[in-house]
Amino acid sequence: MAVWQTTRFPIDLSTPKIMGIVNVTPDSFSDGGRYNQNVQAACAHAEQLLRDGADILDIGGESTRQGSAPVSPEDEWKRVRGVLAEVSRWNVPVSLDTRHTSVMQAALEHGYIDIVNDVQALEDEGAVALLAQSADTGICLMHMKGRPHNMQSHAQYRDTVAEVKQYLRERTEICTQAGIKRKRIVWDMGFGFAKYLPHNLQLMRHLHEFADEYPVLVGVSRKSMIGEITGRTDPMERVSGSVAAALFAYTQGAAILRVHDVRETTDALKVWQTLAPAA
């Protein structure tokens with residue numbers, strides 16, 4: 001049985017887990033500004049995600065959409081700390097979506113989080129050492145070239161699958177050499193991060209290869225790749241396409257699905273699992 005070790009919760013990955021997105025930002029591509037007005041609004045949204053079936057809550061205070069402006073760690077921490085303080089009291093794994101070591105450290109020192117979800121795969125100075133000292137915190141290592149504000153200018157590959165896999169292996173090796181146990185690590189192939197649609201499709205079709213090495217988290221919810229396939233320019237109109245992509249990812253071995261639309265994804269998984277023939 002595959003288990004993802006996190007600070008307070010060993011998460012059983014023998015069945016897919018739903019990670020619900022709580023963006024505490026004014027400028028996220030899909031729901032920017034909806035939940036950053038106050039802690040109460042963000043926590044009410046998080047509560048609804050749990051009622052809808054979320055297994056994990058992912059709290060983020062910096063938009064990493066294409067072309068987004070960097071946010072200082074100080075401002076990012078101000079955005080997320082109140083929400084983290086509240087949801088950390090609930091009986092649910094809490095993930096912090098951040099790429100800044102100082103934000104990770106503050107959250108860990110307060111005992112607010114179970115998982116660090118980092119789009120830069122702990123490349124920030126001191127991040128690996130910090131997580132090595134935090135014995136059980138779960139870690140999601142994601143592939144990205146460049147940084148959010150310029151990543152699409154780096155979307156050039158000779159072999160997308162091989163290069164993404166090699167990067168994740170290298171980052172994992174750095175982590176394990178620092179003393180981080182394998183059971184704490186999951187991979188995210190970084191759909192849409194320094195990747196155009198052909199790259200995303202190649203990765204999705206080879207997802208099982210990644211899942212054979214480490215548990216894989218997939219985050220394609222409402223992204224531009226869904227819009228390009230469906231012709232839906234408004235992210236809010238990409239729900240059906242996102243659910244379909246999540247189901248496909250599940251059939252290819254994805255262990256965690258990071259989504260905005262928890263209820264719709266959960267319902268689709270229940271129906272699929274009920275109807276699918278036994279292995």
# chains A, B, ... in the order shown; residues from 1 in each chain; ligands from 1
call {"tool": "residues_around", "arguments": {"residues": "Ile229 of chain A", "least_positions_apart": "3", "cutoff": "12 Å", "atoms": "only C-alpha atoms", "output": "list in words"}}
result
Tyr196, Leu197, Pro198, Asn200, Leu201, Arg222, Lys223, Ser224, Met225, Ile226, Arg232, Thr233, Arg238, Ser240, Gly241, Ser242, Ala244 and Ala245 of chain A
call {"tool": "select_by_dssp", "arguments": {"residues": "segment 79-273 of chain A", "states": "alpha helix (DSSP H)", "output": "PyMOL selection string"}}
result
chain A and resi 79-87+101-110+127-133+160-177+197-205+207-211+224-230+239-251+262-273
call {"tool": "atom_distance", "arguments": {"atom1": "atom CA of Ala254 of chain A", "atom2": "atom CA of Ala129 of chain A"}}
result
28.0 Å
call {"tool": "residues_around", "arguments": {"residues": "segment 89-93 of chain A", "least_positions_apart": "5", "cutoff": "7 Å", "atoms": "only C-alpha atoms", "output": "list in words"}}
result
Phe9, Asp55, Ile56, Leu57 and Asp114 of chain A
call {"tool": "write_last_selection", "arguments": {"atoms": "N, CA and C atoms", "output": "short mmCIF file (atom, residue, chain, number, x, y, z; two decimals), in the first residue's frame"}}
result
data_model
loop_
_atom_site.label_atom_id
_atom_site.label_comp_id
_atom_site.auth_asym_id
_atom_site.auth_seq_id
_atom_site.Cartn_x
_atom_site.Cartn_y
_atom_site.Cartn_z
N PHE A 9 -0.43 13.21 9.27
CA PHE A 9 -1.27 12.19 8.64
C PHE A 9 -0.47 11.33 7.67
N ASP A 55 -9.87 15.70 0.33
CA ASP A 55 -9.07 14.95 1.31
C ASP A 55 -7.93 15.78 1.87
N ILE A 56 -7.51 16.78 1.11
CA ILE A 56 -6.37 17.64 1.47
C ILE A 56 -6.75 19.07 1.08
N LEU A 57 -6.33 20.05 1.87
CA LEU A 57 -6.52 21.46 1.52
C LEU A 57 -5.16 22.05 1.14
N ASP A 114 1.10 20.30 7.02
CA ASP A 114 1.51 18.90 6.91
C ASP A 114 2.32 18.64 5.65
#
call {"tool": "residues_around", "arguments": {"residues": "Glu213 of chain A", "least_positions_apart": "5", "cutoff": "12 Å", "atoms": "only C-alpha atoms", "output": "JSON, numbers by chain"}}
result
{"A": [2, 165, 166, 168, 169, 172, 182, 183, 185, 186, 187, 207, 208, 253, 254]}
call {"tool": "residues_around", "arguments": {"residues": "Lys270 of chain A", "least_positions_apart": "4", "cutoff": "12 Å", "atoms": "only C-alpha atoms", "output": "MDAnalysis selection string"}}
result
chainID A and resid 15:17 53 247 250 263:266 274:276
call {"tool": "write_last_selection", "arguments": {"atoms": "all heavy atoms", "output": "JSON list (two decimals), in the first residue's frame"}}
result
[["chain", "number", "residue", "atom", "x", "y", "z"],
["A", 15, "THR", "N", -6.09, 4.63, -2.95],
["A", 15, "THR", "CA", -7.23, 5.23, -3.64],
["A", 15, "THR", "C", -6.89, 6.69, -3.92],
["A", 15, "THR", "O", -6.15, 7.30, -3.14],
["A", 15, "THR", "CB", -8.53, 5.13, -2.82],
["A", 15, "THR", "OG1", -8.33, 5.78, -1.55],
["A", 15, "THR", "CG2", -8.92, 3.69, -2.59],
["A", 16, "PRO", "N", -7.41, 7.27, -5.00],
["A", 16, "PRO", "CA", -7.03, 8.65, -5.34],
["A", 16, "PRO", "C", -7.50, 9.64, -4.29],
["A", 16, "PRO", "O", -8.59, 9.51, -3.73],
["A", 16, "PRO", "CB", -7.73, 8.89, -6.68],
["A", 16, "PRO", "CG", -8.88, 7.93, -6.69],
["A", 16, "PRO", "CD", -8.39, 6.72, -5.95],
["A", 17, "LYS", "N", -6.68, 10.63, -4.04],
["A", 17, "LYS", "CA", -7.00, 11.67, -3.08],
["A", 17, "LYS", "C", -7.23, 13.00, -3.80],
["A", 17, "LYS", "O", -6.53, 13.32, -4.77],
["A", 17, "LYS", "CB", -5.88, 11.82, -2.05],
["A", 17, "LYS", "CG", -5.71, 10.58, -1.18],
["A", 17, "LYS", "CD", -6.96, 10.31, -0.34],
["A", 17, "LYS", "CE", -6.86, 9.05, 0.50],
["A", 17, "LYS", "NZ", -7.07, 7.80, -0.27],
["A", 53, "GLY", "N", -15.94, 16.84, -0.51],
["A", 53, "GLY", "CA", -15.17, 15.61, -0.62],
["A", 53, "GLY", "C", -13.67, 15.75, -0.67],
["A", 53, "GLY", "O", -12.97, 14.75, -0.91],
["A", 247, "LEU", "N", -10.08, 12.47, -14.57],
["A", 247, "LEU", "CA", -10.40, 11.05, -14.70],
["A", 247, "LEU", "C", -9.34, 10.32, -15.52],
["A", 247, "LEU", "O", -8.92, 9.22, -15.16],
["A", 247, "LEU", "CB", -11.76, 10.87, -15.34],
["A", 247, "LEU", "CG", -12.99, 11.03, -14.46],
["A", 247, "LEU", "CD1", -14.25, 10.86, -15.28],
["A", 247, "LEU", "CD2", -12.97, 10.02, -13.31],
["A", 250, "TYR", "N", -6.27, 9.86, -13.48],
["A", 250, "TYR", "CA", -6.47, 8.77, -12.51],
["A", 250, "TYR", "C", -6.25, 7.41, -13.18],
["A", 250, "TYR", "O", -5.59, 6.53, -12.62],
["A", 250, "TYR", "CB", -7.87, 8.88, -11.91],
["A", 250, "TYR", "CG", -8.35, 7.61, -11.27],
["A", 250, "TYR", "CD1", -7.69, 7.05, -10.18],
["A", 250, "TYR", "CD2", -9.47, 6.94, -11.75],
["A", 250, "TYR", "CE1", -8.13, 5.87, -9.59],
["A", 250, "TYR", "CE2", -9.92, 5.76, -11.17],
["A", 250, "TYR", "CZ", -9.24, 5.23, -10.09],
["A", 250, "TYR", "OH", -9.68, 4.07, -9.52],
["A", 263, "ARG", "N", -16.43, 18.80, -5.77],
["A", 263, "ARG", "CA", -17.65, 17.99, -5.82],
["A", 263, "ARG", "C", -17.79, 17.30, -7.16],
["A", 263, "ARG", "O", -18.07, 16.09, -7.22],
["A", 263, "ARG", "CB", -18.89, 18.86, -5.56],
["A", 263, "ARG", "CG", -20.20, 18.07, -5.57],
["A", 263, "ARG", "CD", -21.37, 18.96, -5.22],
["A", 263, "ARG", "NE", -21.51, 20.06, -6.17],
["A", 263, "ARG", "CZ", -22.45, 21.01, -6.08],
["A", 263, "ARG", "NH1", -23.30, 21.01, -5.07],
["A", 263, "ARG", "NH2", -22.52, 21.96, -6.99],
["A", 264, "GLU", "N", -17.59, 18.03, -8.24],
["A", 264, "GLU", "CA", -17.73, 17.44, -9.56],
["A", 264, "GLU", "C", -16.69, 16.34, -9.81],
["A", 264, "GLU", "O", -17.01, 15.29, -10.38],
["A", 264, "GLU", "CB", -17.59, 18.53, -10.63],
["A", 264, "GLU", "CG", -18.73, 19.55, -10.64],
["A", 264, "GLU", "CD", -18.57, 20.66, -9.63],
["A", 264, "GLU", "OE1", -17.64, 20.60, -8.78],
["A", 264, "GLU", "OE2", -19.37, 21.62, -9.67],
["A", 265, "THR", "N", -15.47, 16.57, -9.35],
["A", 265, "THR", "CA", -14.42, 15.57, -9.54],
["A", 265, "THR", "C", -14.68, 14.34, -8.69],
["A", 265, "THR", "O", -14.52, 13.19, -9.14],
["A", 265, "THR", "CB", -13.04, 16.16, -9.19],
["A", 265, "THR", "OG1", -12.85, 17.38, -9.93],
["A", 265, "THR", "CG2", -11.92, 15.19, -9.54],
["A", 266, "THR", "N", -15.10, 14.55, -7.45],
["A", 266, "THR", "CA", -15.39, 13.43, -6.55],
["A", 266, "THR", "C", -16.54, 12.58, -7.09],
["A", 266, "THR", "O", -16.47, 11.34, -7.09],
["A", 266, "THR", "CB", -15.75, 13.97, -5.16],
["A", 266, "THR", "OG1", -14.64, 14.71, -4.64],
["A", 266, "THR", "CG2", -16.06, 12.82, -4.20],
["A", 274, "THR", "N", -17.25, 2.84, -9.74],
["A", 274, "THR", "CA", -18.36, 1.89, -9.63],
["A", 274, "THR", "C", -18.57, 1.12, -10.93],
["A", 274, "THR", "O", -18.82, -0.08, -10.93],
["A", 274, "THR", "CB", -19.65, 2.63, -9.25],
["A", 274, "THR", "OG1", -19.46, 3.29, -7.99],
["A", 274, "THR", "CG2", -20.82, 1.67, -9.14],
["A", 275, "LEU", "N", -18.44, 1.81, -12.05],
["A", 275, "LEU", "CA", -18.71, 1.21, -13.35],
["A", 275, "LEU", "C", -17.53, 0.46, -13.95],
["A", 275, "LEU", "O", -17.72, -0.44, -14.76],
["A", 275, "LEU", "CB", -19.17, 2.29, -14.33],
["A", 275, "LEU", "CG", -20.49, 3.02, -14.00],
["A", 275, "LEU", "CD1", -20.75, 4.11, -15.02],
["A", 275, "LEU", "CD2", -21.64, 2.03, -13.95],
["A", 276, "ALA", "N", -16.32, 0.85, -13.57],
["A", 276, "ALA", "CA", -15.14, 0.25, -14.18],
["A", 276, "ALA", "C", -15.05, -1.22, -13.80],
["A", 276, "ALA", "O", -15.36, -1.61, -12.67],
["A", 276, "ALA", "CB", -13.90, 0.98, -13.74]]
call {"tool": "residues_around", "arguments": {"residues": "Ile115 of chain A", "least_positions_apart": "4", "cutoff": "7 Å", "atoms": "only C-alpha atoms", "output": "ChimeraX atom specification"}}
result
/A:6,94-96,137-139
call {"tool": "closest_residue", "arguments": {"among": "A:Gln152, A:Gln133, A:Thr160, A:Ser63", "to": "Gly179 of chain A", "atoms": "only C-alpha atoms"}}
result
A:Gln133
call {"tool": "closest_residue", "arguments": {"among": "A:Thr7, A:Thr64, A:Thr25, A:Gln48", "to": "Ile113 of chain A", "atoms": "only C-alpha atoms"}}
result
A:Thr7
call {"tool": "closest_residue", "arguments": {"among": "A:Ala249, A:Val216, A:Ala135, A:Ala127", "to": "Ile174 of chain A", "atoms": "only C-alpha atoms"}}
result
A:Ala127
call {"tool": "closest_residue", "arguments": {"among": "A:Gln66, A:Asn38, A:Thr230, A:Ser221", "to": "Val80 of chain A", "atoms": "only C-alpha atoms"}}
result
A:Asn38
call {"tool": "select_by_dssp", "arguments": {"residues": "segment 3-235 of chain A", "states": "strand (DSSP E or B)", "output": "ChimeraX atom specification"}}
result
/A:3-5,10-12,17-23,56-60,94-97,115-118,138-142,185-188,216-218
call {"tool": "atom_distance", "arguments": {"atom1": "atom CA of Arg258 of chain A", "atom2": "atom CA of Glu76 of chain A"}}
result
20.6 Å
call {"tool": "atom_distance", "arguments": {"atom1": "atom CA of Thr176 of chain A", "atom2": "atom CA of Gly111 of chain A"}}
result
23.0 Å
call {"tool": "decode", "arguments": {"residues": "segment 189-209 of chain A", "atoms": "N, CA and C atoms", "output": "tab-separated table (two decimals), in the first residue's frame"}}
result
chain	number	residue	atom	x	y	z
A	189	MET	N	4.34	16.84	-12.42
A	189	MET	CA	5.01	17.05	-13.70
A	189	MET	C	4.92	18.50	-14.19
A	190	GLY	N	4.12	19.31	-13.51
A	190	GLY	CA	4.09	20.74	-13.82
A	190	GLY	C	3.36	21.09	-15.10
A	191	PHE	N	2.16	20.56	-15.26
A	191	PHE	CA	1.38	20.87	-16.46
A	191	PHE	C	1.16	22.38	-16.57
A	192	GLY	N	1.54	22.92	-17.74
A	192	GLY	CA	1.36	24.34	-17.99
A	192	GLY	C	2.49	25.22	-17.50
A	193	PHE	N	3.43	24.67	-16.78
A	193	PHE	CA	4.57	25.44	-16.28
A	193	PHE	C	5.75	25.24	-17.23
A	194	ALA	N	6.02	26.26	-18.03
A	194	ALA	CA	7.04	26.16	-19.07
A	194	ALA	C	6.71	25.03	-20.05
A	195	LYS	N	5.43	24.93	-20.38
A	195	LYS	CA	4.98	23.89	-21.30
A	195	LYS	C	3.78	24.41	-22.09
A	196	TYR	N	3.78	24.08	-23.38
A	196	TYR	CA	2.63	24.37	-24.23
A	196	TYR	C	1.81	23.09	-24.39
A	197	LEU	N	0.71	23.19	-25.09
A	197	LEU	CA	-0.21	22.05	-25.18
A	197	LEU	C	0.46	20.76	-25.64
A	198	PRO	N	1.28	20.77	-26.71
A	198	PRO	CA	1.91	19.50	-27.12
A	198	PRO	C	2.75	18.86	-26.00
A	199	HIS	N	3.45	19.71	-25.22
A	199	HIS	CA	4.24	19.18	-24.10
A	199	HIS	C	3.32	18.57	-23.05
A	200	ASN	N	2.24	19.27	-22.73
A	200	ASN	CA	1.30	18.78	-21.73
A	200	ASN	C	0.68	17.44	-22.14
A	201	LEU	N	0.33	17.33	-23.41
A	201	LEU	CA	-0.28	16.09	-23.89
A	201	LEU	C	0.71	14.93	-23.84
A	202	GLN	N	1.95	15.19	-24.20
A	202	GLN	CA	2.97	14.14	-24.12
A	202	GLN	C	3.12	13.64	-22.69
A	203	LEU	N	3.17	14.58	-21.76
A	203	LEU	CA	3.34	14.21	-20.35
A	203	LEU	C	2.13	13.42	-19.84
A	204	MET	N	0.94	13.87	-20.20
A	204	MET	CA	-0.26	13.18	-19.73
A	204	MET	C	-0.30	11.74	-20.26
A	205	ARG	N	0.10	11.57	-21.52
A	205	ARG	CA	0.06	10.24	-22.12
A	205	ARG	C	1.15	9.31	-21.58
A	206	HIS	N	2.14	9.89	-20.91
A	206	HIS	CA	3.21	9.08	-20.31
A	206	HIS	C	3.19	9.16	-18.79
A	207	LEU	N	2.08	9.59	-18.24
A	207	LEU	CA	1.98	9.76	-16.80
A	207	LEU	C	2.32	8.49	-16.03
A	208	HIS	N	1.91	7.35	-16.59
A	208	HIS	CA	2.14	6.08	-15.90
A	208	HIS	C	3.62	5.81	-15.67
A	209	GLU	N	4.47	6.33	-16.54
A	209	GLU	CA	5.90	6.12	-16.36
A	209	GLU	C	6.41	6.83	-15.10
